$ cat work_17.txt   # compact mmCIF, C-alpha atoms
# COMPACT_ATOMS: atom_id res chain seq x y z
CA MET A 7 -5.80 12.38 15.16
CA ASN A 8 -3.45 11.73 12.24
CA THR A 9 -3.55 8.60 10.10
CA LEU A 10 -0.76 6.74 11.90
CA ALA A 11 -2.24 7.45 15.33
CA ALA A 12 -5.68 6.38 14.11
CA LEU A 13 -4.25 3.14 12.70
CA ARG A 14 -2.44 2.38 15.94
CA ALA A 15 -5.69 2.94 17.81
CA ALA A 16 -7.55 0.57 15.45
CA VAL A 17 -5.29 -2.49 15.79
CA PRO A 18 -5.54 -5.41 15.81
CA THR A 19 -7.14 -5.29 12.38
CA ILE A 20 -7.00 -6.73 8.87
CA SER A 21 -5.70 -5.37 5.58
CA VAL A 22 -7.67 -6.89 2.71
CA GLY A 23 -5.85 -7.70 -0.52
CA ILE A 24 -7.68 -6.53 -3.63
CA LEU A 25 -5.81 -9.01 -5.83
CA ALA A 26 -8.37 -11.59 -4.72
CA ALA A 27 -11.34 -9.30 -5.45
CA ASP A 28 -13.45 -9.17 -8.60
CA LEU A 29 -11.61 -6.31 -10.27
CA CYS A 30 -14.46 -5.76 -12.72
CA ARG A 31 -16.69 -4.94 -9.75
CA LEU A 32 -14.07 -3.34 -7.54
CA ASP A 33 -16.19 -0.32 -6.54
CA GLU A 34 -18.88 -2.67 -5.23
CA GLU A 35 -16.34 -4.90 -3.55
CA LEU A 36 -14.76 -1.96 -1.73
CA HIS A 37 -18.14 -0.62 -0.68
CA VAL A 38 -19.03 -3.86 1.08
CA LEU A 39 -15.68 -3.78 2.86
CA GLU A 40 -16.41 -0.28 4.10
CA THR A 41 -19.79 -1.37 5.45
CA ALA A 42 -18.11 -4.28 7.23
CA GLY A 43 -15.73 -1.93 9.06
CA VAL A 44 -12.52 -2.64 7.13
CA ARG A 45 -9.96 0.17 7.41
CA LEU A 46 -7.19 -0.93 5.02
CA ILE A 47 -7.01 -2.33 1.50
CA HIS A 48 -3.83 -4.04 0.38
CA PHE A 49 -2.20 -3.63 -3.04
CA ASP A 50 0.41 -6.24 -4.01
CA CYS A 51 2.46 -4.43 -6.66
CA MET A 52 4.57 -7.16 -8.28
CA ASP A 53 7.02 -6.48 -11.11
CA GLY A 54 7.51 -10.04 -12.43
CA ASN A 55 11.19 -9.94 -11.41
CA PHE A 56 11.30 -9.80 -7.63
CA CYS A 57 8.70 -12.57 -7.73
CA PRO A 58 7.18 -14.41 -10.71
CA GLN A 59 3.84 -12.64 -10.96
CA MET A 60 3.23 -9.24 -12.50
CA THR A 61 0.17 -7.50 -11.07
CA PHE A 62 -0.50 -3.77 -11.05
CA GLY A 63 1.19 -0.51 -10.22
CA PRO A 64 0.61 3.19 -9.56
CA PRO A 65 -2.20 3.67 -12.16
CA VAL A 66 -4.38 1.18 -10.28
CA VAL A 67 -3.48 2.69 -6.90
CA ARG A 68 -4.54 6.08 -8.27
CA ALA A 69 -7.70 4.78 -9.95
CA VAL A 70 -9.12 3.20 -6.79
CA LYS A 71 -11.36 5.80 -5.16
CA THR A 72 -12.01 4.93 -1.53
CA PRO A 73 -11.85 6.39 1.98
CA LEU A 74 -10.01 3.22 3.07
CA LEU A 75 -6.29 3.47 3.69
CA LYS A 76 -4.24 2.29 0.73
CA ASP A 77 -1.68 -0.21 2.01
CA VAL A 78 0.78 -0.63 -0.87
CA HIS A 79 3.22 -3.56 -0.76
CA LEU A 80 6.03 -3.26 -3.32
CA LEU A 81 7.28 -6.63 -4.51
CA ALA A 82 9.71 -5.19 -7.01
CA ASN A 83 13.44 -4.96 -7.58
CA ASN A 84 15.05 -1.51 -7.28
CA PRO A 85 11.74 -0.01 -6.10
CA HIS A 86 12.76 3.66 -5.82
CA THR A 87 10.85 4.96 -8.85
CA LEU A 88 7.86 2.74 -8.13
CA ALA A 89 7.72 3.92 -4.51
CA VAL A 90 7.75 7.59 -5.54
CA GLN A 91 5.02 6.96 -8.11
CA CYS A 92 2.85 5.09 -5.62
CA VAL A 93 3.10 7.95 -3.13
CA ALA A 94 2.02 10.38 -5.85
CA ALA A 95 -0.83 7.98 -6.72
CA GLY A 96 -2.22 8.14 -3.18
CA ALA A 97 -0.57 5.39 -1.14
CA ASP A 98 -0.99 5.86 2.61
CA ILE A 99 1.35 3.00 3.51
CA VAL A 100 4.35 1.92 1.40
CA THR A 101 6.11 -1.30 2.32
CA LEU A 102 9.55 -2.09 0.91
CA HIS A 103 11.31 -5.45 0.92
CA ILE A 104 14.73 -5.62 2.52
CA GLU A 105 15.78 -8.00 -0.26
CA SER A 106 14.78 -5.69 -3.12
CA ASP A 107 17.60 -3.12 -3.03
CA ILE A 108 20.92 -2.50 -1.31
CA HIS A 109 19.84 1.06 -0.46
CA ILE A 110 16.54 0.41 1.32
CA HIS A 111 17.62 2.55 4.29
CA ARG A 112 18.12 5.54 2.02
CA LEU A 113 14.76 5.01 0.33
CA LEU A 114 13.03 4.77 3.72
CA GLN A 115 14.61 8.11 4.61
CA GLU A 116 13.31 9.63 1.38
CA LEU A 117 9.81 8.26 2.01
CA GLY A 118 9.94 9.87 5.44
CA LYS A 119 10.17 13.28 3.80
CA MET A 120 7.25 12.75 1.38
CA GLU A 121 3.75 14.13 1.86
CA ASN A 122 0.62 12.02 1.75
CA ALA A 123 -1.26 12.90 -1.46
CA ASN A 124 -4.60 12.09 0.18
CA ARG A 125 -3.96 13.93 3.44
CA PRO A 126 -1.89 17.10 2.99
CA GLY A 127 0.30 17.82 5.95
CA GLU A 128 0.72 14.13 6.81
CA GLY A 129 3.49 11.77 5.85
CA ILE A 130 3.66 8.21 4.55
CA ILE A 131 3.54 5.20 6.86
CA ARG A 132 6.67 3.22 5.99
CA GLY A 133 6.81 -0.56 6.16
CA VAL A 134 9.76 -2.95 6.00
CA ALA A 135 9.03 -6.51 4.81
CA LEU A 136 11.08 -9.69 5.04
CA ASN A 137 10.77 -12.91 3.05
CA PRO A 138 10.67 -16.18 5.02
CA GLY A 139 14.35 -16.88 4.31
CA THR A 140 15.62 -13.51 5.56
CA PRO A 141 16.78 -13.34 9.21
CA LEU A 142 14.68 -10.99 11.34
CA GLU A 143 17.86 -9.35 12.60
CA ALA A 144 18.32 -7.80 9.14
CA ALA A 145 15.48 -5.39 9.94
CA ALA A 146 17.10 -4.02 13.11
CA PRO A 147 19.15 -1.22 11.43
CA LEU A 148 16.03 -0.05 9.56
CA LEU A 149 13.54 0.28 12.40
CA ASP A 150 14.44 3.90 13.14
CA GLU A 151 13.10 4.69 9.65
CA ALA A 152 9.95 2.55 9.71
CA GLU A 153 6.52 2.56 11.30
CA MET A 154 5.64 -1.04 10.39
CA LEU A 155 7.44 -4.39 10.18
CA VAL A 156 5.91 -7.02 7.87
CA VAL A 157 6.72 -10.72 8.28
CA LEU A 158 5.85 -12.80 5.22
CA ALA A 159 4.39 -16.21 5.97
CA VAL A 160 4.88 -17.50 2.40
CA ASN A 161 7.40 -16.93 -0.36
CA PRO A 162 5.92 -14.13 -2.47
CA GLY A 163 4.58 -14.66 -5.96
CA TRP A 164 3.24 -18.19 -5.87
CA GLY A 165 -0.44 -18.86 -5.26
CA GLY A 166 -1.87 -21.62 -3.10
CA GLN A 167 0.92 -21.74 -0.53
CA SER A 168 0.29 -22.77 3.05
CA PHE A 169 1.11 -20.58 6.04
CA LEU A 170 4.65 -21.53 7.04
CA ARG A 171 4.91 -23.10 10.49
CA THR A 172 8.11 -21.15 11.22
CA THR A 173 6.13 -17.89 11.05
CA GLU A 174 4.93 -18.15 14.65
CA LYS A 175 8.53 -18.23 15.87
CA ARG A 176 9.48 -15.38 13.53
CA LEU A 177 6.60 -13.22 14.79
CA ALA A 178 7.75 -13.83 18.36
CA GLN A 179 11.23 -12.73 17.32
CA ALA A 180 9.78 -9.66 15.61
CA ILE A 181 7.89 -8.69 18.77
CA ARG A 182 11.15 -8.83 20.75
CA LEU A 183 12.99 -6.89 18.05
CA ILE A 184 10.37 -4.13 18.08
CA ALA A 185 10.46 -3.97 21.88
CA SER A 186 14.25 -3.59 21.86
CA SER A 187 13.99 -0.73 19.35
CA GLY A 188 12.04 1.38 21.84
CA ARG A 189 9.71 2.55 19.08
CA ASN A 190 5.97 2.08 18.60
CA ILE A 191 6.20 -0.01 15.43
CA LEU A 192 3.24 -1.91 14.02
CA LEU A 193 3.71 -5.61 13.27
CA ALA A 194 1.99 -7.20 10.27
CA VAL A 195 1.87 -10.77 8.96
CA ASP A 196 1.18 -11.43 5.28
CA GLY A 197 0.52 -14.60 3.30
CA GLY A 198 -1.28 -17.91 3.66
CA VAL A 199 -4.01 -16.61 6.00
CA THR A 200 -7.27 -18.51 5.54
CA LYS A 201 -10.59 -18.75 7.34
CA ASP A 202 -9.40 -22.06 8.77
CA ASN A 203 -6.18 -20.74 10.33
CA PHE A 204 -7.24 -17.17 11.12
CA THR A 205 -7.91 -17.93 14.79
CA ASP A 206 -4.45 -19.44 15.22
CA VAL A 207 -2.78 -16.53 13.40
CA ARG A 208 -4.53 -13.89 15.48
CA HIS A 209 -3.00 -15.38 18.63
CA MET A 210 0.53 -14.89 17.24
CA GLY A 211 0.59 -11.22 18.18
CA ALA A 212 0.50 -9.28 14.90
CA ASP A 213 -1.25 -5.91 14.84
CA ILE A 214 -2.30 -6.26 11.20
CA ILE A 215 -3.21 -9.48 9.41
CA VAL A 216 -3.13 -9.29 5.62
CA THR A 217 -5.69 -11.54 3.97
CA GLY A 218 -7.32 -11.68 0.54
CA SER A 219 -9.03 -14.87 -0.59
CA ALA A 220 -10.28 -15.55 2.93
CA VAL A 221 -12.44 -12.45 2.51
CA PHE A 222 -13.08 -12.54 -1.23
CA ASP A 223 -14.25 -16.16 -1.39
CA GLY A 224 -17.08 -15.55 -3.86
CA LYS A 225 -19.67 -16.16 -1.16
CA ASP A 226 -19.83 -13.58 1.60
CA PRO A 227 -16.98 -11.00 1.57
CA PRO A 228 -18.62 -8.54 4.01
CA GLY A 229 -19.57 -11.36 6.38
CA ASN A 230 -16.06 -12.83 6.23
CA ALA A 231 -14.44 -9.46 6.95
CA ARG A 232 -16.91 -8.68 9.73
CA ARG A 233 -16.33 -12.01 11.46
CA MET A 234 -12.54 -11.56 11.33
CA LEU A 235 -12.76 -8.06 12.78
CA GLU A 236 -15.13 -9.19 15.51
CA GLU A 237 -12.78 -12.03 16.40
CA LEU A 238 -9.83 -9.64 16.62
CA ARG A 239 -11.76 -7.20 18.80
CA GLY A 240 -12.65 -10.05 21.12
CA SER A 241 -9.04 -11.22 21.46
$ encode --input "work_17.txt" --output "structure tokens"
Amino acid sequence: MNTLAALRAAVPTISVGILAADLCRLDEELHVLETAGVRLIHFDCMDGNFCPQMTFGPPVVRAVKTPLLKDVHLLANNPHTLAVQCVAAGADIVTLHIESDIHIHRLLQELGKMENANRPGEGIIRGVALNPGTPLEAAAPLLDEAEMLVVLAVNPGWGGQSFLRTTEKRLAQAIRLIASSGRNILLAVDGGVTKDNFTDVRHMGADIIVTGSAVFDGKDPPGNARRMLEELRGS
């Protein structure tokens, strides 16, 4: 079974953001995620222009040694070079923002021809992300070149934001959009997910829920991840 088929078989699941982890102890942090049954780790690669924060890029993606799938979310303007570098650094999933470039369709096509550096013979899982202010319909022309649609539940780059109430409606729209495409596209929701609202979010229909601080809370990361996965499997 290839990576995309295995991921489809594993949903619903979580993708855990390492930005909330203790980066000085990242090997340990990732090990506890593995033992908890986590399948994906999420890299928010921010350039300080697309959104205010600047985080990390391909060197960190490459440096992280793990059997977990590397889910790389590019929050960067004109992301072509960054996307190519992240693929070479071992990204399994590369998500591009519709708002980041006028030629996203072309870049998705290019990504579709690239080989997975971790799994020779396999390709890259391509994601398309939309900010809260971008109409869902904007993704429709891109779905033939994507395996995942990502709906942001906050405006990227600012910490401490609450999950936007309009996200439930947008996820419902995304589900209809995917159905009309006739393709088996994964749906992800990203931003503002906490332990308090996780149960509500899981009922909104996403295949993948991106969460960071709700897992890495400084108390019980493996327990938090395990409880979320168990709740999803029971849904």
$ closest_atom_pairs --input "work_17.txt" --of "region 34-80 of chain A" --to "region 14-18 of chain A" --cutoff "12 Å" --atoms "all atoms listed in the file" --output "tab-separated table"
residue	atom	partner	partner_atom	distance
A:Gly43	CA	A:Ala16	CA	10.7
A:Val44	CA	A:Ala16	CA	10.2
A:Arg45	CA	A:Ala16	CA	8.4
A:Leu46	CA	A:Ala16	CA	10.5
$ atom_distance --input "work_17.txt" --atom1 "CA of Gly133 (chain A)" --atom2 "CA of Gly54 (chain A)"
20.9 Å
$ atom_distance --input "work_17.txt" --atom1 "CA of Pro64 (chain A)" --atom2 "CA of Asp98 (chain A)"
12.6 Å
$ residues_near_point --input "work_17.txt" --point "(-5.3, -8.7, 10.3)" --cutoff "7 Å" --atoms "only C-alpha atoms" --output "list in words"
Pro18, Thr19, Ile20, Ser21, Asp213, Ile214, Ile215, Val216 and Thr217 of chain A
$ closest_residue --input "work_17.txt" --among "A:Asp223, A:Glu174, A:Asp107, A:Glu121" --to "Val195 (chain A)" --atoms "all atoms listed in the file"
A:Glu174
$ residues_near_point --input "work_17.txt" --point "(-11.1, -15.4, 6.8)" --cutoff "12 Å" --atoms "all atoms listed in the file" --output "PyMOL selection string"
chain A and resi 20-23+198-208+215-223+225-238
$ closest_residue --input "work_17.txt" --among "A:Arg132, A:His103, A:Lys76, A:Arg239" --to "His209 (chain A)" --atoms "only C-alpha atoms"
A:Arg239
$ atom_distance --input "work_17.txt" --atom1 "CA of Ala94 (chain A)" --atom2 "CA of Leu155 (chain A)"
22.5 Å
$ closest_residue --input "work_17.txt" --among "A:Gln179, A:Leu136, A:Thr72, A:Phe56" --to "Val38 (chain A)" --atoms "all atoms listed in the file"
A:Thr72
$ residues_around --input "work_17.txt" --residues "Leu29 (chain A)" --least-positions-apart "4" --cutoff "12 Å" --atoms "all atoms listed in the file" --output "short mmCIF file (atom, residue, chain, number, x, y, z; two decimals) with C-alpha atoms, in the coordinates of the input"
data_model
loop_
_atom_site.label_atom_id
_atom_site.label_comp_id
_atom_site.auth_asym_id
_atom_site.auth_seq_id
_atom_site.Cartn_x
_atom_site.Cartn_y
_atom_site.Cartn_z
CA GLY A 23 -5.85 -7.70 -0.52
CA ILE A 24 -7.68 -6.53 -3.63
CA LEU A 25 -5.81 -9.01 -5.83
CA ASP A 33 -16.19 -0.32 -6.54
CA GLU A 34 -18.88 -2.67 -5.23
CA GLU A 35 -16.34 -4.90 -3.55
CA LEU A 36 -14.76 -1.96 -1.73
CA THR A 61 0.17 -7.50 -11.07
CA PHE A 62 -0.50 -3.77 -11.05
CA VAL A 66 -4.38 1.18 -10.28
CA ALA A 69 -7.70 4.78 -9.95
CA VAL A 70 -9.12 3.20 -6.79
CA PHE A 222 -13.08 -12.54 -1.23
#
$ residues_around --input "work_17.txt" --residues "region 148-151 of chain A" --least-positions-apart "5" --cutoff "10 Å" --atoms "all atoms listed in the file" --output "list in words"
Ile104, Ile110, His111, Arg112, Leu113, Leu114, Gln115, Glu116, Leu117, Gly118, Ile131, Arg132, Gly133, Val134, Glu143, Leu183, Ile184, Ser187, Gly188, Arg189, Asn190 and Ile191 of chain A
$ closest_residue --input "work_17.txt" --among "A:Ala212, A:Ser186, A:Asp196, A:Thr87" --to "Pro147 (chain A)" --atoms "all atoms listed in the file"
A:Ser186
$ residues_around --input "work_17.txt" --residues "Ser106 (chain A)" --least-positions-apart "6" --cutoff "9 Å" --atoms "only C-alpha atoms" --output "PyMOL selection string"
chain A and resi 56+81-85
$ write_last_selection --input "work_17.txt" --atoms "C-alpha atoms" --output "compact mmCIF listing (two decimals), keeping the file's coordinate frame"
# COMPACT_ATOMS: atom_id res chain seq x y z
CA PHE A 56 11.30 -9.80 -7.63
CA LEU A 81 7.28 -6.63 -4.51
CA ALA A 82 9.71 -5.19 -7.01
CA ASN A 83 13.44 -4.96 -7.58
CA ASN A 84 15.05 -1.51 -7.28
CA PRO A 85 11.74 -0.01 -6.10
$ closest_residue --input "work_17.txt" --among "A:Ile99, A:Ile47, A:Ala152, A:Leu193" --to "Ala26 (chain A)" --atoms "only C-alpha atoms"
A:Ile47
$ closest_residue --input "work_17.txt" --among "A:Leu170, A:Cys92, A:Leu74, A:Cys30" --to "Met120 (chain A)" --atoms "only C-alpha atoms"
A:Cys92
$ residues_around --input "work_17.txt" --residues "Gly63 (chain A)" --least-positions-apart "4" --cutoff "10 Å" --atoms "only C-alpha atoms" --output "list in words"
Phe49, Asp50, Cys51, Met52, Asp53, Val67, Arg68, Val78, Leu80, Leu88, Ala89, Gln91, Cys92 and Ala95 of chain A
$ decode --input "work_17.txt" --residues "region 43-69 of chain A" --atoms "N, CA and C atoms" --output "mmCIF file, in the first residue's frame"
data_model
loop_
_atom_site.group_PDB
_atom_site.id
_atom_site.type_symbol
_atom_site.label_atom_id
_atom_site.label_comp_id
_atom_site.auth_asym_id
_atom_site.auth_seq_id
_atom_site.Cartn_x
_atom_site.Cartn_y
_atom_site.Cartn_z
ATOM 1 N N GLY A 43 0.594 6.539 18.607
ATOM 2 C CA GLY A 43 -0.110 6.167 17.386
ATOM 3 C C GLY A 43 -0.294 7.277 16.381
ATOM 4 N N VAL A 44 0.372 8.414 16.587
ATOM 5 C CA VAL A 44 0.300 9.525 15.628
ATOM 6 C C VAL A 44 0.972 9.116 14.324
ATOM 7 N N ARG A 45 0.370 9.525 13.206
ATOM 8 C CA ARG A 45 0.916 9.176 11.887
ATOM 9 C C ARG A 45 1.545 10.361 11.163
ATOM 10 N N LEU A 46 1.133 11.595 11.506
ATOM 11 C CA LEU A 46 1.603 12.772 10.781
ATOM 12 C C LEU A 46 2.120 13.837 11.738
ATOM 13 N N ILE A 47 3.228 14.475 11.353
ATOM 14 C CA ILE A 47 3.680 15.674 12.045
ATOM 15 C C ILE A 47 3.618 16.842 11.064
ATOM 16 N N HIS A 48 3.249 17.998 11.603
ATOM 17 C CA HIS A 48 2.908 19.154 10.785
ATOM 18 C C HIS A 48 3.968 20.245 10.946
ATOM 19 N N PHE A 49 4.518 20.689 9.829
ATOM 20 C CA PHE A 49 5.513 21.763 9.809
ATOM 21 C C PHE A 49 4.856 23.020 9.235
ATOM 22 N N ASP A 50 4.759 24.086 10.024
ATOM 23 C CA ASP A 50 4.281 25.369 9.519
ATOM 24 C C ASP A 50 5.488 26.192 9.083
ATOM 25 N N CYS A 51 5.733 26.228 7.782
ATOM 26 C CA CYS A 51 6.887 26.958 7.244
ATOM 27 C C CYS A 51 6.434 28.363 6.843
ATOM 28 N N MET A 52 6.691 29.330 7.717
ATOM 29 C CA MET A 52 6.250 30.706 7.517
ATOM 30 C C MET A 52 7.437 31.585 7.122
ATOM 31 N N ASP A 53 7.205 32.487 6.169
ATOM 32 C CA ASP A 53 8.306 33.305 5.643
ATOM 33 C C ASP A 53 8.360 34.718 6.202
ATOM 34 N N GLY A 54 7.410 35.088 7.090
ATOM 35 C CA GLY A 54 7.392 36.439 7.641
ATOM 36 C C GLY A 54 6.792 37.462 6.699
ATOM 37 N N ASN A 55 6.334 37.037 5.518
ATOM 38 C CA ASN A 55 5.711 37.935 4.555
ATOM 39 C C ASN A 55 4.257 37.542 4.292
ATOM 40 N N PHE A 56 4.043 36.285 3.989
ATOM 41 C CA PHE A 56 2.679 35.806 3.789
ATOM 42 C C PHE A 56 1.875 35.990 5.070
ATOM 43 N N CYS A 57 2.524 35.733 6.193
ATOM 44 C CA CYS A 57 1.942 36.005 7.513
ATOM 45 C C CYS A 57 3.067 36.520 8.410
ATOM 46 N N PRO A 58 2.754 37.155 9.526
ATOM 47 C CA PRO A 58 3.779 37.883 10.284
ATOM 48 C C PRO A 58 4.936 37.044 10.818
ATOM 49 N N GLN A 59 4.674 35.824 11.238
ATOM 50 C CA GLN A 59 5.732 35.037 11.846
ATOM 51 C C GLN A 59 6.713 34.490 10.815
ATOM 52 N N MET A 60 7.939 34.273 11.261
ATOM 53 C CA MET A 60 8.930 33.527 10.489
ATOM 54 C C MET A 60 9.316 32.321 11.345
ATOM 55 N N THR A 61 9.177 31.125 10.792
ATOM 56 C CA THR A 61 9.429 29.924 11.588
ATOM 57 C C THR A 61 10.638 29.160 11.065
ATOM 58 N N PHE A 62 10.411 28.107 10.321
ATOM 59 C CA PHE A 62 11.534 27.312 9.832
ATOM 60 C C PHE A 62 11.257 26.862 8.406
ATOM 61 N N GLY A 63 12.283 26.287 7.793
ATOM 62 C CA GLY A 63 12.162 25.891 6.403
ATOM 63 C C GLY A 63 12.757 24.526 6.138
ATOM 64 N N PRO A 64 13.226 24.292 4.911
ATOM 65 C CA PRO A 64 13.713 22.979 4.500
ATOM 66 C C PRO A 64 14.803 22.379 5.393
ATOM 67 N N PRO A 65 15.753 23.166 5.947
ATOM 68 C CA PRO A 65 16.769 22.526 6.803
ATOM 69 C C PRO A 65 16.169 21.802 8.005
ATOM 70 N N VAL A 66 15.119 22.356 8.578
ATOM 71 C CA VAL A 66 14.473 21.691 9.718
ATOM 72 C C VAL A 66 13.688 20.466 9.242
ATOM 73 N N VAL A 67 13.002 20.583 8.115
ATOM 74 C CA VAL A 67 12.289 19.426 7.562
ATOM 75 C C VAL A 67 13.262 18.275 7.339
ATOM 76 N N ARG A 68 14.433 18.590 6.807
ATOM 77 C CA ARG A 68 15.445 17.563 6.546
ATOM 78 C C ARG A 68 16.020 16.996 7.842
ATOM 79 N N ALA A 69 16.234 17.856 8.825
ATOM 80 C CA ALA A 69 16.913 17.448 10.055
ATOM 81 C C ALA A 69 16.066 16.527 10.924
#
